[in-house]
Amino acid sequence: MELASYADYAVRLVNTEEPDRGRDALTSVDSVRALFGTAGRAAALADEADLPRLRGVRTRLRGVFEAAAGGEEVRAVDLLNSLMVEYPVSPLVSGHDYLDEAGRPRWHLHLADNAATATANFTAVACMGLAIHLTELGADRLGICQAAPCRNAYLDTSTNRSRRYCSDRCATRANVAAYRARKREEAARAALAARD
């Protein structure tokens, strides 16, 4: 099991909100279940009470990403640690659904299947994945998209730590805007030179 891949849970939760656009996709129990991807025990636990809980966790996780993106590494770690204390991982070895050639279970690890709520399960898994990502790759690998007004979180997995946008779409939009701004500036300078 690649535990670092669970860091994507944190990204998915943070990105259910677009604060600068006033959009929130975390509006129903179905949207909570959708965060889990494939249906499972934790998704089945989801109920209305998880909406405000997950929104609170989302705000705190956004704080982790914003602190890391702003170069406040210690603050990012402190914020993440506070979430991990509140939502601890309680791993269990499981062998369901996976059998080897001899019919024996293929044992694997579940991080929080015994959590009492969908929020507790999701948060424990997301924070553990984020903690592994941060400790293996560095806090500077947690980012907030620089394409205004997008403020989506992302995990920088580039080889040279150069990622600045959450998606190719945002990168393209930012590059086109920068190109157009340069062209306007060039045209303005050319107009001034022509007057002189």
# chains A, B, ... in the order shown; residues from 1 in each chain; ligands from 1

$ residues_around --residues "region 12-29 of chain A" --least-positions-apart "2" --cutoff "9 Å" --atoms "only C-alpha atoms" --output "ChimeraX atom specification"
/A:7-10,31-35,46-51,54-55,57-62,65,126,148-154

$ write_last_selection --atoms "N, CA, C and O atoms" --output "tab-separated table (two decimals), in the first residue's frame"
chain	number	residue	atom	x	y	z
A	7	ALA	N	-2.42	11.30	0.42
A	7	ALA	CA	-2.32	12.77	0.50
A	7	ALA	C	-3.32	13.41	-0.46
A	7	ALA	O	-3.80	14.52	-0.21
A	8	ASP	N	-3.65	12.69	-1.52
A	8	ASP	CA	-4.63	13.20	-2.48
A	8	ASP	C	-6.00	13.40	-1.83
A	8	ASP	O	-6.78	14.23	-2.27
A	9	TYR	N	-6.30	12.65	-0.77
A	9	TYR	CA	-7.56	12.85	-0.05
A	9	TYR	C	-7.62	14.29	0.47
A	9	TYR	O	-8.65	14.93	0.41
A	10	ALA	N	-6.50	14.76	1.02
A	10	ALA	CA	-6.45	16.12	1.55
A	10	ALA	C	-6.67	17.14	0.43
A	10	ALA	O	-7.43	18.10	0.59
A	31	SER	N	-22.05	14.20	-1.75
A	31	SER	CA	-20.75	14.83	-2.01
A	31	SER	C	-19.71	14.35	-1.01
A	31	SER	O	-18.53	14.23	-1.35
A	32	VAL	N	-20.12	14.05	0.21
A	32	VAL	CA	-19.20	13.46	1.19
A	32	VAL	C	-18.78	12.07	0.72
A	32	VAL	O	-17.60	11.73	0.71
A	33	ARG	N	-19.75	11.28	0.32
A	33	ARG	CA	-19.43	9.92	-0.16
A	33	ARG	C	-18.52	9.96	-1.38
A	33	ARG	O	-17.65	9.11	-1.54
A	34	ALA	N	-18.72	10.94	-2.24
A	34	ALA	CA	-17.90	11.06	-3.45
A	34	ALA	C	-16.42	11.29	-3.12
A	34	ALA	O	-15.54	10.90	-3.88
A	35	LEU	N	-16.15	11.92	-1.98
A	35	LEU	CA	-14.76	12.14	-1.58
A	35	LEU	C	-14.00	10.83	-1.40
A	35	LEU	O	-12.80	10.76	-1.61
A	46	ALA	N	-21.30	7.98	6.15
A	46	ALA	CA	-21.56	9.41	5.92
A	46	ALA	C	-23.01	9.78	6.22
A	46	ALA	O	-23.94	9.08	5.82
A	47	ASP	N	-23.16	10.89	6.94
A	47	ASP	CA	-24.49	11.44	7.19
A	47	ASP	C	-24.40	12.96	7.24
A	47	ASP	O	-23.33	13.53	7.07
A	48	GLU	N	-25.52	13.61	7.47
A	48	GLU	CA	-25.58	15.07	7.46
A	48	GLU	C	-24.60	15.72	8.43
A	48	GLU	O	-24.09	16.81	8.17
A	49	ALA	N	-24.33	15.06	9.55
A	49	ALA	CA	-23.41	15.62	10.55
A	49	ALA	C	-21.98	15.75	10.01
A	49	ALA	O	-21.19	16.55	10.52
A	50	ASP	N	-21.66	14.97	8.98
A	50	ASP	CA	-20.31	15.05	8.41
A	50	ASP	C	-20.08	16.31	7.60
A	50	ASP	O	-18.93	16.72	7.41
A	51	LEU	N	-21.13	16.94	7.10
A	51	LEU	CA	-20.96	18.15	6.29
A	51	LEU	C	-20.26	19.26	7.07
A	51	LEU	O	-19.19	19.73	6.63
A	54	LEU	N	-16.59	18.08	8.10
A	54	LEU	CA	-15.62	18.07	7.01
A	54	LEU	C	-15.30	19.48	6.52
A	54	LEU	O	-14.18	19.75	6.11
A	55	ARG	N	-16.26	20.38	6.57
A	55	ARG	CA	-15.97	21.77	6.21
A	55	ARG	C	-14.94	22.37	7.18
A	55	ARG	O	-14.05	23.11	6.75
A	57	VAL	N	-12.66	20.65	8.88
A	57	VAL	CA	-11.38	20.00	8.55
A	57	VAL	C	-10.80	20.61	7.28
A	57	VAL	O	-9.60	20.86	7.19
A	58	ARG	N	-11.66	20.87	6.32
A	58	ARG	CA	-11.23	21.47	5.05
A	58	ARG	C	-10.54	22.81	5.30
A	58	ARG	O	-9.47	23.08	4.73
A	59	THR	N	-11.12	23.63	6.15
A	59	THR	CA	-10.53	24.93	6.47
A	59	THR	C	-9.15	24.74	7.11
A	59	THR	O	-8.19	25.45	6.77
A	60	ARG	N	-9.05	23.79	8.00
A	60	ARG	CA	-7.78	23.54	8.67
A	60	ARG	C	-6.73	22.97	7.70
A	60	ARG	O	-5.56	23.35	7.76
A	61	LEU	N	-7.15	22.08	6.81
A	61	LEU	CA	-6.21	21.54	5.81
A	61	LEU	C	-5.77	22.63	4.84
A	61	LEU	O	-4.61	22.67	4.43
A	62	ARG	N	-6.69	23.51	4.46
A	62	ARG	CA	-6.29	24.63	3.60
A	62	ARG	C	-5.21	25.45	4.30
A	62	ARG	O	-4.25	25.90	3.67
A	65	PHE	N	-1.86	23.83	3.71
A	65	PHE	CA	-1.35	24.10	2.37
A	65	PHE	C	-0.90	25.56	2.23
A	65	PHE	O	0.15	25.83	1.64
A	126	ALA	N	-6.45	11.14	5.20
A	126	ALA	CA	-5.91	12.29	4.48
A	126	ALA	C	-4.70	12.87	5.18
A	126	ALA	O	-3.68	13.17	4.53
A	148	ALA	N	-4.82	33.24	-10.40
A	148	ALA	CA	-6.00	33.90	-9.80
A	148	ALA	C	-7.20	33.68	-10.71
A	148	ALA	O	-7.05	33.68	-11.93
A	149	PRO	N	-8.37	33.47	-10.20
A	149	PRO	CA	-8.77	33.43	-8.80
A	149	PRO	C	-8.72	32.02	-8.21
A	149	PRO	O	-9.20	31.80	-7.11
A	150	CYS	N	-8.17	31.07	-8.92
A	150	CYS	CA	-8.08	29.70	-8.40
A	150	CYS	C	-7.24	29.70	-7.13
A	150	CYS	O	-6.25	30.41	-7.04
A	151	ARG	N	-7.62	28.96	-6.16
A	151	ARG	CA	-6.82	28.81	-4.94
A	151	ARG	C	-6.81	27.34	-4.55
A	151	ARG	O	-6.79	26.99	-3.38
A	152	ASN	N	-6.83	26.46	-5.57
A	152	ASN	CA	-6.82	25.03	-5.30
A	152	ASN	C	-5.48	24.59	-4.74
A	152	ASN	O	-4.43	25.14	-5.08
A	153	ALA	N	-5.55	23.58	-3.90
A	153	ALA	CA	-4.34	22.97	-3.35
A	153	ALA	C	-3.80	21.95	-4.36
A	153	ALA	O	-4.54	21.43	-5.19
A	154	TYR	N	-2.52	21.68	-4.26
A	154	TYR	CA	-1.91	20.64	-5.08
A	154	TYR	C	-0.69	20.08	-4.37
A	154	TYR	O	-0.16	20.67	-3.44

$ residues_around --residues "Asn121 (chain A)" --least-positions-apart "6" --cutoff "12 Å" --atoms "only C-alpha atoms" --output "VMD selection string"
chain A and resid 6 9 32 to 33 35 to 36 40 to 46 50 53 to 54 57 84 86 to 91 110 to 115 127 to 128

$ atom_distance --atom1 "CA of Ser162 (chain A)" --atom2 "CA of Gly143 (chain A)"
10.5 Å

$ select_by_dssp --residues "region 94-182 of chain A" --states "strand (DSSP E or B)" --output "list in words"
Ser94, Leu99, Pro105, His108, Leu109, His110, Leu142, Gly143, Ile144, Ala153, Tyr154 and Leu155 of chain A

$ write_last_selection --atoms "C-alpha atoms" --output "short mmCIF file (atom, residue, chain, number, x, y, z; two decimals), in the first residue's frame"
data_model
loop_
_atom_site.label_atom_id
_atom_site.label_comp_id
_atom_site.auth_asym_id
_atom_site.auth_seq_id
_atom_site.Cartn_x
_atom_site.Cartn_y
_atom_site.Cartn_z
CA SER A 94 -7.20 -6.72 6.31
CA LEU A 99 -6.90 -13.59 -2.73
CA PRO A 105 -5.87 -13.40 1.62
CA HIS A 108 -2.96 -5.11 3.29
CA LEU A 109 -3.28 -2.19 5.64
CA HIS A 110 -6.37 -0.08 6.27
CA LEU A 142 2.43 21.42 -0.74
CA GLY A 143 1.13 24.28 -2.82
CA ILE A 144 -1.73 26.63 -3.58
CA ALA A 153 -4.34 22.97 -3.35
CA TYR A 154 -1.91 20.64 -5.08
CA LEU A 155 0.94 18.27 -4.34
#

$ select_by_dssp --residues "region 23-119 of chain A" --states "helix (DSSP H, G or I)" --output "PyMOL selection string"
chain A and resi 29-35+41-45+50-69+73-86+118-119

$ closest_residue --among "A:Ala131, A:Ala188, A:Ala178, A:Cys145" --to "Arg163 (chain A)" --atoms "only C-alpha atoms"
A:Cys145

$ closest_residue --among "A:Leu83, A:Thr135, A:Phe122, A:Tyr179" --to "Gly37 (chain A)" --atoms "only C-alpha atoms"
A:Phe122

$ closest_residue --among "A:Ala194, A:Thr157, A:Val93, A:Val74" --to "Glu136 (chain A)" --atoms "only C-alpha atoms"
A:Thr157

$ atom_distance --atom1 "CA of Ser158 (chain A)" --atom2 "CA of Ala76 (chain A)"
20.4 Å

$ closest_residue --among "A:Thr123, A:Asn81, A:Thr172, A:Gln146" --to "Gly56 (chain A)" --atoms "only C-alpha atoms"
A:Thr123

$ atom_distance --atom1 "CA of Val85 (chain A)" --atom2 "CA of Asp156 (chain A)"
25.2 Å
